[in-house]
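Here's the structure we're looking at; comments come further down.
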Amino acid sequence: MVDNTSQIVTDISHAKVKAVAERVVQELRLAADKVAAHHAEPARYPMPEDKDAAEHLLAQRFDRLSDDKKKRAADAVVADLKDVAGRARRLGDLARVDLRSPASVDAQIRRMPFPERLKFPADELKKLPFLLPEELQAGAGTAAAPSALHKLELRIHSVKCLAETSELGSDEISLAGTSVDENGDALKISPFDVRSFDDGDVKTYAPPKQFHWFNLDEGGTTYPKSYFVTLVLAETDFGGLATYVDRLLDMVRTKVATYLAAAVGGAIGASGGVLGVLIGMAVGAAVGWAFDQLKGIVEDDVFAPVTLSTVIPALTGRWNGKPETAAASAEYRGFGGHYRVTYTWRMFN
């Protein structure tokens, strides 16, 4: 029997794919720079006419900052723009993007050739060793296979406030998210209120709350299959955060797939199997990196989302012989607060 695997996505093991994801994050950072620079000098740094551009999505978050924080962010970006040599070293070919242009960052980059340094043979995407643990590469063992299970769910067991945020009064916490299945299809998971929290408070779900579920029979019989859920924890009055993360995730996923196709010199085909695992990891890691890069420019008092993943090698797969993982936790720290979400993955019928 081959074991399922699960993890919190924080990195990408394939160096070239990691570089592709880092480029996507750099582009989002450039769009955020444009938003901040526009706040300082609107005529010099005009916003793009394309309302679907990343700049407009990021501007919605920037507008929620206090006037003082907007000014600090704008001043920092304008000062950085004067360091032409430093930006060239840090950004490489992306330093050619002109934030004074009315064209969006994305539109300008699409007119640039794809960097040779990011290209690699397509066959590398089919190699397992850089991607999966040894037990998943080795194939089935000698133990008798358990019965097939056709559904997968992520279950929330509890949400604990280890330290409430620096906001006045109790924290009104909600939980939302997005999911990506074995085909790369994404769904928005609507927010729900958890409870009002003070230091030490815990919301326990008994039985555990189903946050999202997947049909393991979808996407054909190509294995392994990978599944990703991004958990977004926020104070309820932050408003629109779940929608923002959903749109940001969609932008990242689209760019990652487009750039991987460019990196290997053509269409990358179906996104299931090993390729699906790799793309999902790239997207999950890039979203986390993007929040870190955008902190202080278009974000303020927001917990960075956490992306969880599991890889299912077969319908008979188990985690250490069991249909449910051991309880694990996702940690959220920010603006004086610390929350812990305890969860499990479970296969069932």
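To be explicit about the labels: the chains of the structure tokens are called A, B, and onward in the order shown, and within each one the residues are counted from 1, while ligands get numbers from 1 in the order they are shown.
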Got a sec: who's within 8 Å of Glu27 (chain A), counting only C-alpha atoms, leaving out chain neighbours fewer than 5 positions off, as number ranges by chain? A: 94, 105-106
Neighbouring residues of region 283-288 of chain A were defined as those with any atom within 10 Å, considering only C-alpha atoms; residues of the same chain fewer than 6 positions away were excluded. Please report them as a JSON list (two decimals) with C-alpha atoms, in the first residue's frame.
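Okay, this is what ended up in result25.json:
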```json
[["chain", "number", "residue", "atom", "x", "y", "z"],
["A", 8, "ILE", "CA", 1.53, 22.96, 4.37],
["A", 9, "VAL", "CA", 2.81, 24.46, 1.13],
["A", 10, "THR", "CA", 5.68, 26.88, 1.74],
["A", 11, "ASP", "CA", 8.26, 26.01, -0.93],
["A", 12, "ILE", "CA", 8.79, 24.40, -4.34],
["A", 18, "LYS", "CA", 10.33, 27.89, -8.15],
["A", 20, "VAL", "CA", 8.81, 30.83, -12.37],
["A", 21, "ALA", "CA", 6.67, 31.27, -9.25],
["A", 22, "GLU", "CA", 9.07, 33.90, -7.91],
["A", 23, "ARG", "CA", 8.73, 35.82, -11.17],
["A", 24, "VAL", "CA", 4.94, 35.83, -10.79],
["A", 25, "VAL", "CA", 5.34, 37.29, -7.30],
["A", 26, "GLN", "CA", 7.77, 39.92, -8.59],
["A", 180, "VAL", "CA", -7.83, 23.64, -6.35],
["A", 228, "PHE", "CA", -5.07, 22.12, -2.36],
["A", 229, "VAL", "CA", -7.08, 24.24, 0.04],
["A", 230, "THR", "CA", -6.10, 27.78, 1.00],
["A", 245, "VAL", "CA", -7.64, 36.15, -2.10],
["A", 248, "LEU", "CA", -5.30, 36.87, -6.39],
["A", 249, "LEU", "CA", -5.16, 33.07, -6.47],
["A", 250, "ASP", "CA", -6.76, 33.05, -9.92],
["A", 251, "MET", "CA", -4.19, 35.55, -11.22],
["A", 252, "VAL", "CA", -1.31, 33.54, -9.77],
["A", 253, "ARG", "CA", -2.63, 30.23, -11.11],
["A", 254, "THR", "CA", -3.15, 31.63, -14.62],
["A", 255, "LYS", "CA", 0.33, 33.14, -14.73],
["A", 256, "VAL", "CA", 2.02, 30.02, -13.34],
["A", 257, "ALA", "CA", 0.38, 27.81, -16.00],
["A", 304, "ALA", "CA", -1.35, 35.65, 5.47],
["A", 305, "PRO", "CA", -3.40, 32.72, 4.10],
["A", 306, "VAL", "CA", -2.17, 29.16, 4.60],
["A", 307, "THR", "CA", -2.26, 26.63, 1.74],
["A", 308, "LEU", "CA", -2.66, 22.96, 2.65],
["A", 309, "SER", "CA", -2.11, 20.11, 0.22]]
```
All residues 12 Å or closer to region 175-177 of chain A, only C-alpha atoms, same chain fewer than 5 positions away omitted, as a PyMOL selection string: chain A and resi 154+156+158-159+186-195+209+211-212+228-236+238-249+303-308+332+339-341
Based on the selection just made, write N, CA and C atoms of those residues as a compact mmCIF listing (two decimals), in the first residue's frame.
```txt
# COMPACT_ATOMS: atom_id res chain seq x y z
N LEU A 154 -11.52 18.17 3.83
CA LEU A 154 -10.70 18.85 4.83
C LEU A 154 -11.63 19.24 5.97
N ILE A 156 -12.24 20.94 9.82
CA ILE A 156 -11.76 21.87 10.85
C ILE A 156 -12.19 21.34 12.21
N SER A 158 -10.84 22.78 15.31
CA SER A 158 -10.93 23.88 16.28
C SER A 158 -10.21 25.11 15.76
N VAL A 159 -10.58 26.25 16.31
CA VAL A 159 -9.88 27.51 16.08
C VAL A 159 -9.60 28.09 17.46
N ALA A 186 -10.58 25.67 -9.76
CA ALA A 186 -10.60 26.36 -8.48
C ALA A 186 -12.02 26.73 -8.09
N LEU A 187 -12.28 26.71 -6.81
CA LEU A 187 -13.57 27.12 -6.26
C LEU A 187 -13.34 28.05 -5.08
N LYS A 188 -14.21 29.04 -4.97
CA LYS A 188 -14.18 29.91 -3.80
C LYS A 188 -15.00 29.27 -2.69
N ILE A 189 -14.45 29.24 -1.50
CA ILE A 189 -15.15 28.70 -0.33
C ILE A 189 -15.67 29.89 0.47
N SER A 190 -16.97 30.02 0.55
CA SER A 190 -17.59 31.20 1.15
C SER A 190 -17.21 31.34 2.62
N PRO A 191 -17.07 32.58 3.08
CA PRO A 191 -16.70 32.79 4.49
C PRO A 191 -17.83 32.44 5.44
N PHE A 192 -17.46 32.02 6.63
CA PHE A 192 -18.44 31.81 7.69
C PHE A 192 -17.86 32.35 8.99
N ASP A 193 -18.73 32.81 9.86
CA ASP A 193 -18.29 33.34 11.15
C ASP A 193 -17.89 32.20 12.07
N VAL A 194 -16.74 32.34 12.70
CA VAL A 194 -16.29 31.33 13.67
C VAL A 194 -16.84 31.68 15.05
N ARG A 195 -16.44 32.83 15.59
CA ARG A 195 -16.97 33.34 16.85
C ARG A 195 -16.22 34.61 17.23
N LYS A 209 -15.93 20.19 11.51
CA LYS A 209 -16.67 20.88 10.45
C LYS A 209 -16.03 20.60 9.09
N PHE A 211 -14.87 21.63 5.87
CA PHE A 211 -14.56 22.91 5.25
C PHE A 211 -14.73 22.83 3.73
N HIS A 212 -14.31 21.70 3.16
CA HIS A 212 -14.47 21.48 1.72
C HIS A 212 -14.27 20.01 1.43
N PHE A 228 -5.57 20.98 -3.12
CA PHE A 228 -5.07 22.12 -2.36
C PHE A 228 -6.24 22.93 -1.81
N VAL A 229 -6.10 23.35 -0.57
CA VAL A 229 -7.08 24.24 0.04
C VAL A 229 -6.31 25.39 0.70
N THR A 230 -6.69 26.61 0.37
CA THR A 230 -6.10 27.78 1.00
C THR A 230 -7.07 28.30 2.05
N LEU A 231 -6.62 28.34 3.30
CA LEU A 231 -7.44 28.81 4.41
C LEU A 231 -7.17 30.29 4.66
N VAL A 232 -8.24 31.07 4.65
CA VAL A 232 -8.13 32.52 4.86
C VAL A 232 -8.84 32.85 6.16
N LEU A 233 -8.07 33.24 7.16
CA LEU A 233 -8.62 33.62 8.46
C LEU A 233 -8.50 35.13 8.60
N ALA A 234 -9.59 35.77 8.99
CA ALA A 234 -9.56 37.23 9.07
C ALA A 234 -10.61 37.72 10.06
N GLU A 235 -10.41 38.95 10.51
CA GLU A 235 -11.47 39.59 11.28
C GLU A 235 -12.60 39.92 10.32
N THR A 236 -13.83 39.70 10.75
CA THR A 236 -14.99 39.85 9.88
C THR A 236 -15.06 41.24 9.27
N PHE A 238 -12.79 43.08 8.16
CA PHE A 238 -11.78 43.40 7.15
C PHE A 238 -12.41 43.51 5.77
N GLY A 239 -13.56 42.89 5.57
CA GLY A 239 -14.36 43.09 4.37
C GLY A 239 -13.67 42.75 3.06
N GLY A 240 -14.25 41.83 2.31
CA GLY A 240 -13.78 41.54 0.97
C GLY A 240 -12.50 40.75 0.88
N LEU A 241 -11.95 40.30 2.01
CA LEU A 241 -10.67 39.61 1.95
C LEU A 241 -10.78 38.29 1.19
N ALA A 242 -11.85 37.54 1.43
CA ALA A 242 -12.00 36.25 0.75
C ALA A 242 -12.06 36.43 -0.77
N THR A 243 -12.80 37.45 -1.22
CA THR A 243 -12.88 37.72 -2.65
C THR A 243 -11.53 38.14 -3.20
N TYR A 244 -10.82 38.96 -2.44
CA TYR A 244 -9.48 39.40 -2.84
C TYR A 244 -8.54 38.21 -3.01
N VAL A 245 -8.52 37.31 -2.02
CA VAL A 245 -7.64 36.15 -2.10
C VAL A 245 -8.04 35.26 -3.28
N ASP A 246 -9.35 35.12 -3.51
CA ASP A 246 -9.84 34.31 -4.62
C ASP A 246 -9.33 34.86 -5.95
N ARG A 247 -9.42 36.17 -6.14
CA ARG A 247 -8.96 36.78 -7.39
C ARG A 247 -7.43 36.74 -7.51
N LEU A 248 -6.76 36.94 -6.38
CA LEU A 248 -5.30 36.87 -6.39
C LEU A 248 -4.84 35.46 -6.75
N LEU A 249 -5.49 34.46 -6.18
CA LEU A 249 -5.16 33.07 -6.47
C LEU A 249 -5.38 32.77 -7.95
N PHE A 303 -4.03 38.48 8.18
CA PHE A 303 -3.23 37.28 8.33
C PHE A 303 -2.92 36.71 6.95
N ALA A 304 -1.69 36.30 6.73
CA ALA A 304 -1.35 35.65 5.47
C ALA A 304 -2.10 34.32 5.39
N PRO A 305 -2.68 33.99 4.23
CA PRO A 305 -3.40 32.72 4.10
C PRO A 305 -2.43 31.54 4.18
N VAL A 306 -2.97 30.38 4.50
CA VAL A 306 -2.17 29.16 4.60
C VAL A 306 -2.73 28.16 3.58
N THR A 307 -1.85 27.61 2.74
CA THR A 307 -2.26 26.63 1.74
C THR A 307 -1.87 25.23 2.19
N LEU A 308 -2.86 24.36 2.26
CA LEU A 308 -2.66 22.96 2.65
C LEU A 308 -2.78 22.09 1.41
N TYR A 332 -1.53 31.33 12.43
CA TYR A 332 -1.75 32.65 11.87
C TYR A 332 -1.25 33.69 12.86
N TYR A 339 -3.40 32.99 16.05
CA TYR A 339 -4.49 32.01 16.02
C TYR A 339 -3.97 30.68 15.50
N ARG A 340 -4.62 29.62 15.94
CA ARG A 340 -4.25 28.27 15.51
C ARG A 340 -5.50 27.53 15.04
N VAL A 341 -5.46 27.07 13.79
CA VAL A 341 -6.55 26.28 13.23
C VAL A 341 -6.10 24.83 13.17
```
For Arg96 (chain A), please output as number ranges by chain all residues within 12 Å (counting only C-alpha atoms; exclusion window: fewer than 5 positions along the same chain). A: 27, 30, 81, 84-85, 87-91, 101, 105, 108-109, 111-113
Could you write out the selected residues, including C-alpha atoms, as a PDB file, in the first residue's frame?
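Here's the written file result_16.pdb:
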```pdb
ATOM      1  CA  GLU A  27       5.197  41.004 -11.164  1.00  0.00           C
ATOM      2  CA  LEU A  30       5.576  45.700  -9.416  1.00  0.00           C
ATOM      3  CA  LEU A  81      12.278  53.880  -7.864  1.00  0.00           C
ATOM      4  CA  VAL A  84      17.752  52.404 -10.699  1.00  0.00           C
ATOM      5  CA  ALA A  85      20.835  50.214 -10.305  1.00  0.00           C
ATOM      6  CA  ARG A  87      16.147  47.689  -8.948  1.00  0.00           C
ATOM      7  CA  ALA A  88      17.990  46.358 -12.001  1.00  0.00           C
ATOM      8  CA  ARG A  89      19.975  43.944  -9.824  1.00  0.00           C
ATOM      9  CA  ARG A  90      16.872  42.823  -7.947  1.00  0.00           C
ATOM     10  CA  LEU A  91      14.400  42.627 -10.819  1.00  0.00           C
ATOM     11  CA  SER A 101       3.280  54.061 -18.595  1.00  0.00           C
ATOM     12  CA  VAL A 105       2.477  45.891 -15.626  1.00  0.00           C
ATOM     13  CA  GLN A 108       4.140  45.466 -20.639  1.00  0.00           C
ATOM     14  CA  ILE A 109       5.560  42.115 -19.553  1.00  0.00           C
ATOM     15  CA  ARG A 111       5.391  42.246 -24.805  1.00  0.00           C
ATOM     16  CA  MET A 112       8.750  41.103 -23.435  1.00  0.00           C
ATOM     17  CA  PRO A 113      10.454  37.825 -24.454  1.00  0.00           C
TER      18      PRO A 113
END
```
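Computed from the coordinates, the CA of Thr325 (chain A) to CA of Thr310 (chain A) distance equals 10.1 Å.
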Could you write out, as a PyMOL selection string, all the residues of region 44-230 of chain A that DSSP marks as strand (DSSP E or B)? chain A and resi 151-163+171-180+186-197+202-215+225-230
Could you go through region 92-200 of chain A and tell me which residues DSSP, when run on the backbone, assigns to alpha helix (DSSP H), listing them as a ChimeraX atom specification? /A:105-110,134-138
So which residues touch Trp319 (chain A) within 7 Å, counting only C-alpha atoms, skipping near sequence neighbours fewer than 4 positions away, as an MDAnalysis selection string? chainID A and resid 3:5 323:325
Contact residues around Ser166 (chain A) with only C-alpha atoms at 8 Å, ignoring same-chain residues under 4 positions, as a VMD selection string: chain A and resid 335 to 337
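Considering the residues A:Val277, A:Val202, A:Cys161, A:Val97 and counting only C-alpha atoms, Asp33 (chain A) has its shortest atom-to-atom contact with A:Val97.
Reported to one decimal place, the separation of CA of Ala330 (chain A) from CA of His157 (chain A) is 11.5 Å.
The space separating CA of Ala148 (chain A) from CA of Gln210 (chain A) comes to 20.6 Å.
Distance annotation: of A:Leu162, A:Ala326, A:Ala19, A:Leu216, the residue with the minimal separation from Asp198 (chain A) is A:Leu162; atom set is only C-alpha atoms.
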Pick out the closest residue to Ala32 (chain A) from this set: A:Arg72, A:Arg346, A:Lys295, A:Lys16. Count only C-alpha atoms. A:Lys295
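Distances from A:Lys34, A:Lys203, A:Lys160, A:Lys119 to Ala76 (chain A) were compared using only C-alpha atoms, and the smallest one belongs to A:Lys34.
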